[in-house]
Amino acid sequence: MRITEFRVTPIAFGDPPVRAAFGLHAPYALRTIVELVTDDGLSGVSETHGGAAVVADLEAIRELVLGRDPFQLASLEAQIWSSGARYGAPTTTPWEGKLSSPPRTFAAVEVACLDLIGKTTGRPVCDLLGGAVRERVPFSAYLFYKHAGAGGPFGFGPDPQATTGWPLARQQEALSAEALVSQAQAMCAEYGFQSLKLKAGVLPPDEEVRTIRLLREAFGPHTPLRIDPNTAWSLETSVRCGEQLAGLLEYYEDPVAGKEQMAELARRCPIPLATNMCCVSFADLPETIRLGSVQIILGDHHFWGGLRASVELARICRTWGIGMSMHSNSHLGISLAAMTHLAAAVPNLTYACDTHYPWQSEEIIVGGKWRFEGGSLTVPKGPGLGVELDREALARMHEQYLAAGLSHRDDELEMQKVEPGWRRMVPRW
Ligand code: GKR
Ligand code: MG
């Protein structure tokens, strides 16, 4: 089996105006769809980060991919790492920390190859990772402070078709603790999530602590809660809020910036610390472990080097007594399929995974949106990822990409459209 076609399609899809420490989400989120076609007529797909730089990185490895046997993943990975200056220089991505191109570029191709391998062997991707240790994968409700608006063509305006339930709640303003609780109730009524994550670093810390208290009151003592200020808090603020949040949180995610400060906070705060910002690659692990910066790592196959690398990460975490959870950005159903297969195959991924998925109303797979039951997804049993690309949706979202005119995510710029002069600050409080 040889790869004969390598298609890289940038897409954009509607994303509501949610807030984080980085600013505000644009009306469209960007992703890239990779398709590999083989000489025996199979096709494998994957979804990765969006924007021009991601597309350029993928285009740069076109000749390495074409003609390759999709089973030969180790040599492809080695070639990508050694293929010149473009690969190796880490780029700073505010929402994930320092990312280097090779693991992300390889991951996008690896997932599509695993989809192909699954299709040719008739096995689901989780079987290629060692087999499923769980049939259902739990996800958490991802709560955002937000401005009113539906995103996509509606921007800050309402989508006239969304009149009840979660579709309506998704477009309503939520800039207070009370509004956030209503958002959580609507999202959980729709999806049945059993744990909640608050995206913080937006309102003054005391209001965000109050939001956690209200969530605790509304959802009772047994619903795990997390807060993620994305490094908007100083060490002293993180210690002070940690004292107030002790006993209320399952984990405390990236309140403060950098491995050293996280380690110092770990010494002064009784809540387990988690990250998807200070430890985002294998190269970060020795220092993270030596310092004791975190108790939980949120892995993400999109930038940790793919699904097989994520299984390796999980083993390292298990060896060092570090817990595993899963990070997410705005994404569609192909990423969700890959995340679900991975989470099914990792025994020590014991925390409900993050997903931005409820915030998206569009879908790129045949059959439409995935359906959560009791906050979890059933691992697809079909061969490969178990999803099929909807070509009409792909073409439409590619047109949206061209029309949106966005080359990369820039939350600061979007925020400045609402509040001129707004800048991301680390720390802000
Ligand atoms: O989409 O604004 C956002 C999130 O803050 C995202 O960019 C982060 O990468 O979800 C992420 C996180 O857990 O830090
Ligand atoms: Mg995070």
# chains A, B, ... in the order shown; residues from 1 in each chain; ligands from 1

$ select_by_dssp --residues "segment 251-294 of chain A" --states "strand (DSSP E or B)" --output "list of chain:residue names"
A:Tyr251, A:Tyr252, A:Glu253, A:Leu273, A:Ala274, A:Thr275

$ residues_near_ligand --ligand "ligand 1" --cutoff "7 Å" --atoms "only C-alpha atoms and all ligand atoms" --output "PyMOL selection string"
chain A and resi 19-20+22+25+95-96+199+228+230+276-277+327-330

$ closest_residue --among "A:Val280, A:Val181, A:Cys126, A:Leu58" --to "ligand 2" --atoms "only C-alpha atoms and all ligand atoms"
A:Val280

$ closest_residue --among "A:Gly386, A:Gly97, A:Pro204, A:Pro224" --to "ligand 2" --atoms "only C-alpha atoms and all ligand atoms"
A:Gly97

$ residues_near_ligand --ligand "ligand 2" --cutoff "12 Å" --atoms "only C-alpha atoms and all ligand atoms" --output "short mmCIF file (atom, residue, chain, number, x, y, z; two decimals) with N, CA, C and O atoms, in the first residue's frame"
data_model
loop_
_atom_site.label_atom_id
_atom_site.label_comp_id
_atom_site.auth_asym_id
_atom_site.auth_seq_id
_atom_site.Cartn_x
_atom_site.Cartn_y
_atom_site.Cartn_z
N ALA A 20 -11.00 34.12 27.03
CA ALA A 20 -9.97 33.45 27.83
C ALA A 20 -8.92 34.51 28.13
O ALA A 20 -9.05 35.67 27.68
N ALA A 21 -7.88 34.13 28.83
CA ALA A 21 -6.84 35.10 29.20
C ALA A 21 -6.15 35.68 27.96
O ALA A 21 -5.52 36.73 28.05
N PHE A 22 -6.29 35.00 26.83
CA PHE A 22 -5.63 35.45 25.60
C PHE A 22 -6.44 36.51 24.88
O PHE A 22 -5.95 37.14 23.95
N PRO A 94 0.54 31.19 22.40
CA PRO A 94 0.18 31.64 23.74
C PRO A 94 -0.69 30.64 24.49
O PRO A 94 -0.58 30.50 25.70
N TRP A 95 -1.57 29.95 23.79
CA TRP A 95 -2.52 29.08 24.49
C TRP A 95 -1.93 27.72 24.84
O TRP A 95 -2.52 26.96 25.57
N GLU A 96 -0.79 27.35 24.26
CA GLU A 96 -0.20 26.08 24.65
C GLU A 96 1.24 26.19 25.11
O GLU A 96 1.81 25.19 25.52
N GLY A 97 1.83 27.35 25.02
CA GLY A 97 3.23 27.46 25.39
C GLY A 97 4.09 27.33 24.15
O GLY A 97 3.69 27.71 23.06
N TYR A 142 -17.04 22.24 29.23
CA TYR A 142 -16.02 23.29 29.13
C TYR A 142 -16.74 24.64 29.15
O TYR A 142 -17.36 25.04 28.18
N LYS A 197 -15.29 22.21 33.77
CA LYS A 197 -14.04 22.99 33.73
C LYS A 197 -14.39 24.44 33.45
O LYS A 197 -15.06 24.74 32.46
N LEU A 198 -13.90 25.33 34.29
CA LEU A 198 -14.12 26.76 34.09
C LEU A 198 -12.89 27.38 33.45
O LEU A 198 -11.79 27.34 34.02
N LYS A 199 -13.07 27.96 32.28
CA LYS A 199 -12.00 28.73 31.64
C LYS A 199 -11.96 30.09 32.32
O LYS A 199 -12.90 30.88 32.22
N ALA A 200 -10.88 30.31 33.06
CA ALA A 200 -10.77 31.51 33.90
C ALA A 200 -9.73 32.47 33.32
O ALA A 200 -9.40 32.40 32.14
N GLY A 201 -9.26 33.40 34.15
CA GLY A 201 -8.30 34.39 33.67
C GLY A 201 -8.98 35.51 32.90
O GLY A 201 -8.34 36.23 32.13
N ARG A 226 -12.87 22.03 37.86
CA ARG A 226 -11.51 22.49 37.55
C ARG A 226 -11.57 23.95 37.15
O ARG A 226 -12.57 24.40 36.61
N ILE A 227 -10.47 24.65 37.36
CA ILE A 227 -10.37 26.04 36.91
C ILE A 227 -9.06 26.21 36.16
O ILE A 227 -8.04 25.63 36.55
N ASP A 228 -9.11 26.99 35.06
CA ASP A 228 -7.93 27.16 34.21
C ASP A 228 -7.74 28.62 33.85
O ASP A 228 -8.28 29.11 32.85
N PRO A 229 -6.95 29.38 34.64
CA PRO A 229 -6.73 30.80 34.33
C PRO A 229 -5.69 31.05 33.24
O PRO A 229 -5.37 32.22 32.96
N ASN A 230 -5.13 30.01 32.65
CA ASN A 230 -4.16 30.18 31.56
C ASN A 230 -3.09 31.22 31.89
O ASN A 230 -2.85 32.17 31.11
N THR A 231 -2.48 31.07 33.06
CA THR A 231 -1.32 31.86 33.52
C THR A 231 -1.61 33.36 33.70
O THR A 231 -0.69 34.16 33.69
N ALA A 232 -2.88 33.69 33.90
CA ALA A 232 -3.21 35.12 34.10
C ALA A 232 -2.98 35.55 35.54
O ALA A 232 -3.13 36.73 35.86
N TYR A 251 -8.66 19.66 40.12
CA TYR A 251 -7.31 20.17 39.88
C TYR A 251 -7.34 21.64 39.49
O TYR A 251 -8.38 22.20 39.14
N TYR A 252 -6.13 22.23 39.55
CA TYR A 252 -5.93 23.67 39.40
C TYR A 252 -4.99 23.78 38.20
O TYR A 252 -3.82 23.38 38.28
N GLU A 253 -5.53 24.30 37.07
CA GLU A 253 -4.81 24.19 35.80
C GLU A 253 -4.13 25.51 35.42
O GLU A 253 -4.80 26.53 35.24
N ASP A 254 -2.82 25.48 35.29
CA ASP A 254 -2.04 26.61 34.79
C ASP A 254 -2.46 27.97 35.36
O ASP A 254 -2.63 28.94 34.60
N PRO A 255 -2.58 28.11 36.69
CA PRO A 255 -2.89 29.45 37.19
C PRO A 255 -1.72 30.40 36.95
O PRO A 255 -1.91 31.59 36.69
N VAL A 256 -0.51 29.86 37.02
CA VAL A 256 0.68 30.70 37.01
C VAL A 256 1.62 30.22 35.90
O VAL A 256 1.53 29.06 35.48
N ALA A 257 2.47 31.11 35.42
CA ALA A 257 3.29 30.77 34.24
C ALA A 257 4.59 30.07 34.59
O ALA A 257 5.28 30.45 35.53
N LEU A 273 -1.91 20.32 40.81
CA LEU A 273 -1.75 21.26 39.69
C LEU A 273 -1.71 20.50 38.37
O LEU A 273 -1.13 19.41 38.29
N ALA A 274 -2.30 21.11 37.35
CA ALA A 274 -2.33 20.49 36.01
C ALA A 274 -1.83 21.49 35.00
O ALA A 274 -1.87 22.70 35.22
N THR A 275 -1.36 20.97 33.85
CA THR A 275 -0.88 21.89 32.81
C THR A 275 -1.14 21.38 31.40
O THR A 275 -1.11 20.18 31.14
N ASN A 276 -1.39 22.34 30.51
CA ASN A 276 -1.18 22.12 29.08
C ASN A 276 -0.35 23.27 28.53
O ASN A 276 -0.32 23.53 27.33
N MET A 277 0.34 23.98 29.44
CA MET A 277 1.11 25.16 29.01
C MET A 277 2.59 25.10 29.37
O MET A 277 3.43 25.51 28.58
N CYS A 278 2.92 24.60 30.57
CA CYS A 278 4.35 24.62 30.92
C CYS A 278 5.04 23.32 30.55
O CYS A 278 6.26 23.24 30.57
N CYS A 279 4.26 22.32 30.17
CA CYS A 279 4.86 21.05 29.74
C CYS A 279 4.07 20.59 28.51
O CYS A 279 2.97 20.04 28.64
N VAL A 280 4.63 20.85 27.32
CA VAL A 280 3.89 20.58 26.08
C VAL A 280 4.66 19.70 25.11
O VAL A 280 4.27 19.53 23.96
N ILE A 296 -0.61 16.65 37.23
CA ILE A 296 -1.42 16.15 36.11
C ILE A 296 -0.97 16.83 34.83
O ILE A 296 -0.79 18.06 34.81
N ILE A 297 -0.82 16.06 33.77
CA ILE A 297 -0.54 16.64 32.45
C ILE A 297 -1.76 16.43 31.57
O ILE A 297 -2.30 15.32 31.49
N LEU A 298 -2.18 17.52 30.92
CA LEU A 298 -3.23 17.39 29.90
C LEU A 298 -2.52 17.14 28.58
O LEU A 298 -1.93 18.06 27.99
N GLY A 299 -2.55 15.90 28.13
CA GLY A 299 -1.93 15.58 26.85
C GLY A 299 -2.82 16.06 25.72
O GLY A 299 -3.98 16.44 25.93
N ASP A 300 -2.25 16.10 24.54
CA ASP A 300 -3.01 16.48 23.35
C ASP A 300 -2.25 15.91 22.16
O ASP A 300 -1.14 16.36 21.86
N SER A 325 -4.80 13.84 31.91
CA SER A 325 -6.08 14.33 31.42
C SER A 325 -5.86 14.71 29.96
O SER A 325 -4.78 14.44 29.40
N MET A 326 -6.86 15.31 29.31
CA MET A 326 -6.69 15.63 27.88
C MET A 326 -7.13 17.06 27.59
O MET A 326 -8.19 17.49 28.01
N HIS A 327 -6.29 17.75 26.85
CA HIS A 327 -6.52 19.15 26.47
C HIS A 327 -7.30 19.24 25.16
O HIS A 327 -7.31 18.31 24.36
N SER A 328 -7.93 20.38 24.94
CA SER A 328 -8.68 20.59 23.70
C SER A 328 -8.65 22.04 23.28
O SER A 328 -8.55 22.94 24.11
N ASN A 329 -8.71 22.25 21.99
CA ASN A 329 -9.00 23.57 21.39
C ASN A 329 -10.27 23.43 20.57
O ASN A 329 -10.80 22.34 20.44
N CYS A 353 -12.03 13.99 29.78
CA CYS A 353 -11.28 14.78 28.80
C CYS A 353 -11.94 16.14 28.56
O CYS A 353 -13.16 16.26 28.60
N ASP A 354 -11.10 17.13 28.25
CA ASP A 354 -11.64 18.43 27.79
C ASP A 354 -12.16 18.28 26.37
O ASP A 354 -11.60 17.53 25.57
N THR A 355 -13.17 19.05 26.03
CA THR A 355 -13.52 19.24 24.62
C THR A 355 -14.26 20.55 24.44
O THR A 355 -15.14 20.90 25.23
N HIS A 356 -13.89 21.29 23.39
CA HIS A 356 -14.60 22.52 23.02
C HIS A 356 -15.82 22.18 22.17
O HIS A 356 -16.55 23.08 21.76
#

$ residues_around --residues "Trp359 of chain A" --least-positions-apart "3" --cutoff "7 Å" --atoms "only C-alpha atoms" --output "ChimeraX atom specification"
/A:15-16,170,356

$ write_last_selection --atoms "N, CA and C atoms" --output "tab-separated table (two decimals), in the first residue's frame"
chain	number	residue	atom	x	y	z
A	15	ASP	N	-17.53	29.96	15.49
A	15	ASP	CA	-17.09	29.79	16.88
A	15	ASP	C	-17.64	30.99	17.66
A	16	PRO	N	-18.39	30.76	18.72
A	16	PRO	CA	-18.97	31.90	19.45
A	16	PRO	C	-17.90	32.75	20.15
A	170	ARG	N	-25.86	28.76	24.27
A	170	ARG	CA	-24.52	28.89	23.67
A	170	ARG	C	-24.27	30.30	23.15
A	356	HIS	N	-13.89	21.29	23.39
A	356	HIS	CA	-14.60	22.52	23.02
A	356	HIS	C	-15.82	22.18	22.17

$ residues_around --residues "Asp115 of chain A" --least-positions-apart "2" --cutoff "6 Å" --atoms "only C-alpha atoms" --output "compact mmCIF listing (two decimals) with N, CA, C and O atoms, in the first residue's frame"
# COMPACT_ATOMS: atom_id res chain seq x y z
N GLY A 44 -7.50 7.98 4.24
CA GLY A 44 -7.40 8.20 5.69
C GLY A 44 -7.47 9.69 5.96
O GLY A 44 -6.97 10.49 5.17
N ALA A 112 -3.88 10.21 10.15
CA ALA A 112 -4.47 9.78 8.87
C ALA A 112 -3.92 8.41 8.46
O ALA A 112 -4.65 7.57 7.90
N CYS A 113 -2.64 8.15 8.74
CA CYS A 113 -2.06 6.82 8.45
C CYS A 113 -2.72 5.75 9.32
O CYS A 113 -3.01 4.65 8.84
N ILE A 117 -4.47 2.42 8.19
CA ILE A 117 -4.07 1.09 8.68
C ILE A 117 -5.30 0.38 9.27
O ILE A 117 -5.52 -0.81 9.03
N GLY A 118 -6.11 1.14 10.00
CA GLY A 118 -7.33 0.57 10.56
C GLY A 118 -8.27 0.09 9.47
O GLY A 118 -8.89 -0.97 9.57
N GLY A 384 -10.62 1.92 11.40
CA GLY A 384 -9.97 3.24 11.42
C GLY A 384 -10.56 4.12 12.49
O GLY A 384 -10.92 3.66 13.58
N LEU A 385 -10.67 5.40 12.19
CA LEU A 385 -11.26 6.34 13.15
C LEU A 385 -12.76 6.13 13.29
O LEU A 385 -13.38 6.58 14.26

$ residues_around --residues "segment 52-54 of chain A" --least-positions-apart "4" --cutoff "12 Å" --atoms "only C-alpha atoms" --output "MDAnalysis selection string"
chainID A and resid 8:12 30:34 47:48 58:61 86:87 91 93 99:108 302:303 401:402 405:409

$ residues_around --residues "Glu264 of chain A" --least-positions-apart "5" --cutoff "9 Å" --atoms "only C-alpha atoms" --output "short mmCIF file (atom, residue, chain, number, x, y, z; two decimals) with N, CA, C and O atoms, in the first residue's frame"
data_model
loop_
_atom_site.label_atom_id
_atom_site.label_comp_id
_atom_site.auth_asym_id
_atom_site.auth_seq_id
_atom_site.Cartn_x
_atom_site.Cartn_y
_atom_site.Cartn_z
N LEU A 235 1.91 34.46 41.22
CA LEU A 235 2.10 33.39 42.22
C LEU A 235 1.30 33.71 43.48
O LEU A 235 0.61 32.84 44.03
N LYS A 259 7.39 26.49 34.57
CA LYS A 259 7.62 25.31 35.42
C LYS A 259 8.05 25.69 36.84
O LYS A 259 7.67 25.05 37.80
N CYS A 269 0.41 25.08 47.90
CA CYS A 269 -1.02 24.95 47.64
C CYS A 269 -1.42 23.47 47.73
O CYS A 269 -0.72 22.62 47.18
N LEU A 291 11.50 19.38 38.89
CA LEU A 291 11.00 20.47 39.75
C LEU A 291 9.74 20.08 40.51
O LEU A 291 9.39 20.71 41.51
N GLY A 292 9.02 19.08 40.02
CA GLY A 292 7.72 18.75 40.62
C GLY A 292 6.69 19.82 40.30
O GLY A 292 5.92 20.24 41.17
N SER A 293 6.68 20.27 39.04
CA SER A 293 5.81 21.40 38.67
C SER A 293 4.34 21.05 38.68
O SER A 293 3.51 21.92 38.98
#

$ closest_residue --among "A:Pro17, A:Gly306, A:Gly157, A:Gly131" --to "Tyr145 of chain A" --atoms "only C-alpha atoms"
A:Pro17

$ closest_residue --among "A:Cys241, A:Met397, A:Val426, A:Ala141" --to "Gln185 of chain A" --atoms "only C-alpha atoms"
A:Ala141

$ residues_around --residues "Arg216 of chain A" --least-positions-apart "5" --cutoff "8 Å" --atoms "only C-alpha atoms" --output "list in words"
Pro221, Thr223, Leu225 and Leu248 of chain A

$ write_last_selection --atoms "all heavy atoms" --output "tab-separated table (two decimals), in the first residue's frame"
chain	number	residue	atom	x	y	z
A	221	PRO	N	-21.79	18.21	45.93
A	221	PRO	CA	-20.42	17.94	46.36
A	221	PRO	C	-19.65	16.94	45.50
A	221	PRO	O	-18.44	16.84	45.61
A	221	PRO	CB	-20.61	17.37	47.77
A	221	PRO	CG	-22.00	16.84	47.81
A	221	PRO	CD	-22.80	17.66	46.85
A	223	THR	N	-19.57	16.60	42.00
A	223	THR	CA	-19.20	16.92	40.61
A	223	THR	C	-17.79	17.50	40.59
A	223	THR	O	-17.55	18.58	41.16
A	223	THR	CB	-20.19	17.96	40.03
A	223	THR	OG1	-21.50	17.42	40.13
A	223	THR	CG2	-19.88	18.26	38.57
A	225	LEU	N	-14.72	19.66	39.77
A	225	LEU	CA	-14.60	21.01	39.19
A	225	LEU	C	-13.13	21.32	38.94
A	225	LEU	O	-12.27	20.96	39.74
A	225	LEU	CB	-15.16	22.07	40.14
A	225	LEU	CG	-16.60	21.93	40.62
A	225	LEU	CD1	-16.93	23.07	41.60
A	225	LEU	CD2	-17.56	21.94	39.44
A	248	LEU	N	-12.50	22.35	46.90
A	248	LEU	CA	-13.55	22.53	45.89
A	248	LEU	C	-13.14	22.00	44.52
A	248	LEU	O	-13.99	21.79	43.66
A	248	LEU	CB	-13.89	24.03	45.73
A	248	LEU	CG	-14.47	24.75	46.95
A	248	LEU	CD1	-14.62	26.24	46.66
A	248	LEU	CD2	-15.84	24.15	47.30

$ atom_distance --atom1 "atom CA of Thr237 of chain A" --atom2 "atom CA of Pro205 of chain A"
7.9 Å

$ atom_distance --atom1 "atom CA of Met262 of chain A" --atom2 "atom CA of Arg240 of chain A"
14.1 Å

$ closest_residue --among "A:Leu66, A:Leu143, A:Ala404, A:Ile3" --to "Gly51 of chain A" --atoms "only C-alpha atoms"
A:Ala404

$ atom_distance --atom1 "atom CA of Ser238 of chain A" --atom2 "atom CA of Ala179 of chain A"
23.7 Å
